[in-house]
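Undergrad: To be precise about what I am sending: the file is called coords_1.pdb and holds PDB, C-alpha atoms.
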ATOM      1  CA  MET A 279       8.838 -11.642  87.116  1.00  0.00           C
ATOM      2  CA  ARG A 280      12.314 -11.103  85.715  1.00  0.00           C
ATOM      3  CA  ARG A 281      11.803 -13.977  83.268  1.00  0.00           C
ATOM      4  CA  ILE A 282       8.625 -12.422  81.821  1.00  0.00           C
ATOM      5  CA  THR A 283      10.322  -9.051  81.361  1.00  0.00           C
ATOM      6  CA  ARG A 284      13.240 -10.586  79.446  1.00  0.00           C
ATOM      7  CA  SER A 285      10.840 -12.550  77.246  1.00  0.00           C
ATOM      8  CA  ALA A 286       8.813  -9.442  76.534  1.00  0.00           C
ATOM      9  CA  ALA A 287      11.970  -7.492  75.667  1.00  0.00           C
ATOM     10  CA  ALA A 288      13.133 -10.278  73.358  1.00  0.00           C
ATOM     11  CA  LEU A 289       9.743 -10.265  71.641  1.00  0.00           C
ATOM     12  CA  VAL A 290       9.944  -6.495  71.075  1.00  0.00           C
ATOM     13  CA  VAL A 291      13.430  -6.795  69.573  1.00  0.00           C
ATOM     14  CA  ALA A 292      12.390  -9.707  67.343  1.00  0.00           C
ATOM     15  CA  THR A 293       9.294  -7.835  66.149  1.00  0.00           C
ATOM     16  CA  ALA A 294      11.354  -4.734  65.336  1.00  0.00           C
ATOM     17  CA  ALA A 295      13.870  -6.845  63.401  1.00  0.00           C
ATOM     18  CA  LEU A 296      11.105  -8.526  61.407  1.00  0.00           C
ATOM     19  CA  ALA A 297       9.536  -5.162  60.580  1.00  0.00           C
ATOM     20  CA  ALA A 298      12.904  -3.891  59.327  1.00  0.00           C
ATOM     21  CA  VAL A 299      13.244  -6.918  57.025  1.00  0.00           C
ATOM     22  CA  ASN A 300       9.743  -6.371  55.600  1.00  0.00           C
ATOM     23  CA  ILE A 301      10.400  -2.679  54.994  1.00  0.00           C
ATOM     24  CA  GLY A 302      13.654  -3.490  53.233  1.00  0.00           C
ATOM     25  CA  SER A 303      11.883  -5.989  50.963  1.00  0.00           C
ATOM     26  CA  ALA A 304       9.209  -3.458  50.051  1.00  0.00           C
ATOM     27  CA  GLN A 305      11.842  -0.872  49.158  1.00  0.00           C
ATOM     28  CA  ALA A 306      13.698  -3.361  46.978  1.00  0.00           C
ATOM     29  CA  ASN A 307      10.491  -4.021  44.968  1.00  0.00           C
ATOM     30  CA  ASP A 308       9.941  -0.294  44.562  1.00  0.00           C
ATOM     31  CA  ARG A 309      12.651   0.024  41.898  1.00  0.00           C
ATOM     32  CA  PRO A 310      11.812   0.417  38.225  1.00  0.00           C
ATOM     33  CA  VAL A 311      12.828  -2.480  35.988  1.00  0.00           C
ATOM     34  CA  TYR A 312      13.381  -1.697  32.273  1.00  0.00           C
ATOM     35  CA  GLY A 313      11.458   1.552  32.816  1.00  0.00           C
ATOM     36  CA  CYS A 314       8.484  -0.205  34.428  1.00  0.00           C
ATOM     37  CA  PRO A 315       7.753   1.359  37.853  1.00  0.00           C
ATOM     38  CA  GLY A 316       7.700  -0.778  40.975  1.00  0.00           C
ATOM     39  CA  GLY A 317       4.198  -2.069  41.674  1.00  0.00           C
ATOM     40  CA  ALA A 318       3.144  -2.025  38.020  1.00  0.00           C
ATOM     41  CA  ALA A 319       2.699  -4.274  35.022  1.00  0.00           C
ATOM     42  CA  CYS A 320       3.898  -2.840  31.723  1.00  0.00           C
ATOM     43  CA  ILE A 321       3.470  -3.372  27.997  1.00  0.00           C
ATOM     44  CA  TYR A 322       6.210  -2.138  25.649  1.00  0.00           C
ATOM     45  CA  PRO A 323       5.904  -0.908  22.048  1.00  0.00           C
ATOM     46  CA  GLN A 324       5.429  -3.413  19.226  1.00  0.00           C
ATOM     47  CA  ASN A 325       8.694  -5.115  18.186  1.00  0.00           C
ATOM     48  CA  ALA A 326      10.703  -2.936  20.593  1.00  0.00           C
ATOM     49  CA  ASP A 327      13.653  -4.108  22.675  1.00  0.00           C
ATOM     50  CA  ILE A 328      12.705  -4.132  26.362  1.00  0.00           C
ATOM     51  CA  HIS A 329      16.245  -3.010  27.265  1.00  0.00           C
ATOM     52  CA  THR A 330      16.149   0.203  25.232  1.00  0.00           C
ATOM     53  CA  SER A 331      12.476   1.214  25.065  1.00  0.00           C
ATOM     54  CA  THR A 332       9.977   2.590  27.553  1.00  0.00           C
ATOM     55  CA  PRO A 333       6.545   1.125  28.305  1.00  0.00           C
ATOM     56  CA  THR A 334       3.538   2.394  26.368  1.00  0.00           C
ATOM     57  CA  ASN A 335       1.008   0.952  28.839  1.00  0.00           C
ATOM     58  CA  ILE A 336       1.476   0.933  32.622  1.00  0.00           C
ATOM     59  CA  TYR A 337      -1.081  -0.719  34.915  1.00  0.00           C
ATOM     60  CA  TYR A 338      -1.154  -0.330  38.703  1.00  0.00           C
ATOM     61  CA  SER A 339      -4.643  -1.411  39.751  1.00  0.00           C
ATOM     62  CA  TYR A 340      -5.726  -5.003  40.278  1.00  0.00           C
ATOM     63  CA  GLY A 341      -8.329  -6.560  38.034  1.00  0.00           C
ATOM     64  CA  ALA A 342      -9.014  -6.619  34.313  1.00  0.00           C
ATOM     65  CA  HIS A 343      -7.956  -3.910  31.877  1.00  0.00           C
ATOM     66  CA  ASN A 344      -9.203  -4.028  28.287  1.00  0.00           C
ATOM     67  CA  LEU A 345      -6.619  -3.462  25.561  1.00  0.00           C
ATOM     68  CA  SER A 346      -6.984  -1.662  22.253  1.00  0.00           C
ATOM     69  CA  ASN A 347      -4.613  -1.323  19.292  1.00  0.00           C
ATOM     70  CA  GLN A 348      -2.102  -3.812  20.700  1.00  0.00           C
ATOM     71  CA  LEU A 349      -1.113  -5.838  17.653  1.00  0.00           C
ATOM     72  CA  GLY A 350       1.920  -8.005  16.994  1.00  0.00           C
ATOM     73  CA  ASN A 351       4.727  -8.832  19.410  1.00  0.00           C
ATOM     74  CA  HIS A 352       5.155  -6.834  22.612  1.00  0.00           C
ATOM     75  CA  TYR A 353       7.149  -7.395  25.771  1.00  0.00           C
ATOM     76  CA  VAL A 354       4.991  -7.628  28.903  1.00  0.00           C
ATOM     77  CA  LEU A 355       6.667  -7.243  32.315  1.00  0.00           C
ATOM     78  CA  ASN A 356       5.232  -8.054  35.759  1.00  0.00           C
ATOM     79  CA  ASN A 357       6.901  -5.695  38.264  1.00  0.00           C
ATOM     80  CA  GLN A 358       4.116  -5.770  40.884  1.00  0.00           C
ATOM     81  CA  TYR A 359       4.565  -5.985  44.643  1.00  0.00           C
ATOM     82  CA  GLY A 360       3.837  -9.106  46.609  1.00  0.00           C
ATOM     83  CA  GLY A 361       4.479 -12.787  46.497  1.00  0.00           C
ATOM     84  CA  ALA A 362       3.871 -15.591  44.068  1.00  0.00           C
ATOM     85  CA  ASN A 363       0.185 -14.680  43.658  1.00  0.00           C
ATOM     86  CA  ALA A 364       0.985 -11.276  42.141  1.00  0.00           C
ATOM     87  CA  THR A 365       0.577 -12.515  38.578  1.00  0.00           C
ATOM     88  CA  VAL A 366      -0.384 -10.930  35.290  1.00  0.00           C
ATOM     89  CA  GLN A 367      -2.653 -12.797  32.901  1.00  0.00           C
ATOM     90  CA  LEU A 368      -3.176 -12.200  29.202  1.00  0.00           C
ATOM     91  CA  CYS A 369      -6.720 -12.966  28.059  1.00  0.00           C
ATOM     92  CA  THR A 370      -8.317 -13.422  24.645  1.00  0.00           C
ATOM     93  CA  GLY A 371     -11.663 -12.102  25.893  1.00  0.00           C
ATOM     94  CA  TYR A 372     -12.523  -8.667  27.181  1.00  0.00           C
ATOM     95  CA  ASN A 373     -12.836  -8.046  30.942  1.00  0.00           C
ATOM     96  CA  GLY A 374     -10.401 -10.821  31.873  1.00  0.00           C
ATOM     97  CA  VAL A 375     -12.188 -13.729  30.168  1.00  0.00           C
ATOM     98  CA  ASN A 376     -10.343 -16.737  28.637  1.00  0.00           C
ATOM     99  CA  CYS A 377      -6.944 -16.032  30.163  1.00  0.00           C
ATOM    100  CA  THR A 378      -4.360 -18.167  28.386  1.00  0.00           C
ATOM    101  CA  ILE A 379      -0.992 -16.833  29.580  1.00  0.00           C
ATOM    102  CA  THR A 380       0.223 -16.188  33.129  1.00  0.00           C
ATOM    103  CA  ILE A 381       3.293 -14.067  33.854  1.00  0.00           C
ATOM    104  CA  LYS A 382       4.780 -14.579  37.304  1.00  0.00           C
ATOM    105  CA  LEU A 383       6.155 -11.868  39.576  1.00  0.00           C
ATOM    106  CA  ASN A 384       9.427 -10.333  38.293  1.00  0.00           C
ATOM    107  CA  GLU A 385       9.150 -12.083  34.929  1.00  0.00           C
ATOM    108  CA  PHE A 386       8.626 -10.825  31.395  1.00  0.00           C
ATOM    109  CA  GLY A 387       8.118 -12.256  27.942  1.00  0.00           C
ATOM    110  CA  ASN A 388       7.566 -11.332  24.322  1.00  0.00           C
ATOM    111  CA  TYR A 389       3.963 -12.108  23.355  1.00  0.00           C
ATOM    112  CA  ASN A 390       1.788 -11.750  20.267  1.00  0.00           C
ATOM    113  CA  LEU A 391      -0.941  -9.436  21.576  1.00  0.00           C
ATOM    114  CA  THR A 392      -3.079  -9.577  18.397  1.00  0.00           C
ATOM    115  CA  PRO A 393      -5.476 -12.157  19.919  1.00  0.00           C
ATOM    116  CA  ILE A 394      -5.201 -10.623  23.427  1.00  0.00           C
ATOM    117  CA  ASN A 395      -8.046  -8.296  24.410  1.00  0.00           C
ATOM    118  CA  SER A 396      -7.409  -7.795  28.130  1.00  0.00           C
ATOM    119  CA  ILE A 397      -4.761  -8.004  30.823  1.00  0.00           C
ATOM    120  CA  VAL A 398      -5.472  -8.959  34.444  1.00  0.00           C
ATOM    121  CA  LEU A 399      -3.389  -7.967  37.470  1.00  0.00           C
ATOM    122  CA  ASN A 400      -3.987 -10.475  40.238  1.00  0.00           C
ATOM    123  CA  ARG A 401      -3.796  -9.429  43.868  1.00  0.00           C
ATOM    124  CA  PRO A 402      -0.982 -11.023  45.892  1.00  0.00           C
TER
END
Go ahead and express the file in the form of structure tokens.
TA:
Amino acid sequence: MRRITRSAAALVVATAALAAVNIGSAQANDRPVYGCPGGAACIYPQNADIHTSTPTNIYYSYGAHNLSNQLGNHYVLNNQYGGANATVQLCTGYNGVNCTITIKLNEFGNYNLTPINSIVLNRP
């Protein structure tokens, strides 16, 4: 009986430690990056420097979002929560059709959005 009790206690301690690690990771992802809130994907103004400007478009919800009046070069930043599957896609069609560019978690790039008509936030 003593052996079972020690094993159960060890399991409780290990579970609590794992929960603390997961909470810490979630808090780390909660920080804004270049003005883009944690958990969001952001588009910055045309020809603006990502280091000194603030986003014009901020997206939190998963799925497709149609764009309008996004012409020329814009930085796009993926600051979502989650793992490798939390991607952002840029699509030439409306409603997330013909996605040609994928931006991985915690990455950004400068893209010509003239041919881009929608952005998709993929669930992790």
Undergrad: Do you know which residues are at most 9 Å from range 343-354 of chain A counting all atoms listed in the file, after dropping those on the same chain fewer than 4 positions away, and could you put them as a compact mmCIF listing (two decimals) with C-alpha atoms, in the frame of the given file?
TA:
# COMPACT_ATOMS: atom_id res chain seq x y z
CA ALA A 319 2.70 -4.27 35.02
CA CYS A 320 3.90 -2.84 31.72
CA ILE A 321 3.47 -3.37 28.00
CA TYR A 322 6.21 -2.14 25.65
CA PRO A 323 5.90 -0.91 22.05
CA GLN A 324 5.43 -3.41 19.23
CA ASN A 325 8.69 -5.12 18.19
CA ALA A 326 10.70 -2.94 20.59
CA ASP A 327 13.65 -4.11 22.68
CA ILE A 328 12.70 -4.13 26.36
CA PRO A 333 6.54 1.12 28.30
CA TYR A 337 -1.08 -0.72 34.92
CA SER A 339 -4.64 -1.41 39.75
CA VAL A 366 -0.38 -10.93 35.29
CA GLY A 371 -11.66 -12.10 25.89
CA TYR A 372 -12.52 -8.67 27.18
CA ASN A 373 -12.84 -8.05 30.94
CA GLY A 374 -10.40 -10.82 31.87
CA ILE A 381 3.29 -14.07 33.85
CA GLU A 385 9.15 -12.08 34.93
CA PHE A 386 8.63 -10.82 31.40
CA GLY A 387 8.12 -12.26 27.94
CA ASN A 388 7.57 -11.33 24.32
CA TYR A 389 3.96 -12.11 23.36
CA ASN A 390 1.79 -11.75 20.27
CA LEU A 391 -0.94 -9.44 21.58
CA THR A 392 -3.08 -9.58 18.40
CA PRO A 393 -5.48 -12.16 19.92
CA ILE A 394 -5.20 -10.62 23.43
CA ASN A 395 -8.05 -8.30 24.41
CA SER A 396 -7.41 -7.80 28.13
CA ILE A 397 -4.76 -8.00 30.82
CA VAL A 398 -5.47 -8.96 34.44
CA LEU A 399 -3.39 -7.97 37.47
Undergrad: Could you check which of A:Ile336, A:Leu368, A:Ile379, A:Ala362 is closest to Gly313 in chain A, using only C-alpha atoms?
TA: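 Comparing A:Ile336, A:Leu368, A:Ile379, A:Ala362 against Gly313 in chain A, the winner is A:Ile336.
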Undergrad: Nearest to Gly360 in chain A: which of A:Gly317, A:Gly341, A:Pro310, A:Pro402 is it, counting all atoms listed in the file?
TA: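 So, comparing all the options, the nearest one is A:Pro402.
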Undergrad: For the PyMOL selection byres ((chain A and resi 400) around 6), applied here, can you spell out every residue it catches as a list in words?
TA: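 In the shown coordinates, the PyMOL selection byres ((chain A and resi 400) around 6) covers Tyr340, Ala364, Thr365, Leu399 and Arg401 of chain A.
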Undergrad: Atoms to include: C-alpha atoms. Write the selected residues as a CSV table (one decimal), in the coordinates of the input.
TA:
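The resulting file, again-v8.csv, is reproduced below:
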chain,number,residue,atom,x,y,z
A,340,TYR,CA,-5.7,-5.0,40.3
A,364,ALA,CA,1.0,-11.3,42.1
A,365,THR,CA,0.6,-12.5,38.6
A,399,LEU,CA,-3.4,-8.0,37.5
A,401,ARG,CA,-3.8,-9.4,43.9
Undergrad: So which one's closest to Gln358 in chain A, A:Thr378, A:Asn384, A:Ser331, A:Thr370? Using only C-alpha atoms, please.
TA: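 Using only C-alpha atoms, the shortest distance to Gln358 in chain A belongs to A:Asn384.
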Undergrad: How far is it from CA of Val311 in chain A to CA of Asn357 in chain A, in Å with one decimal?
TA: 7.1 Å
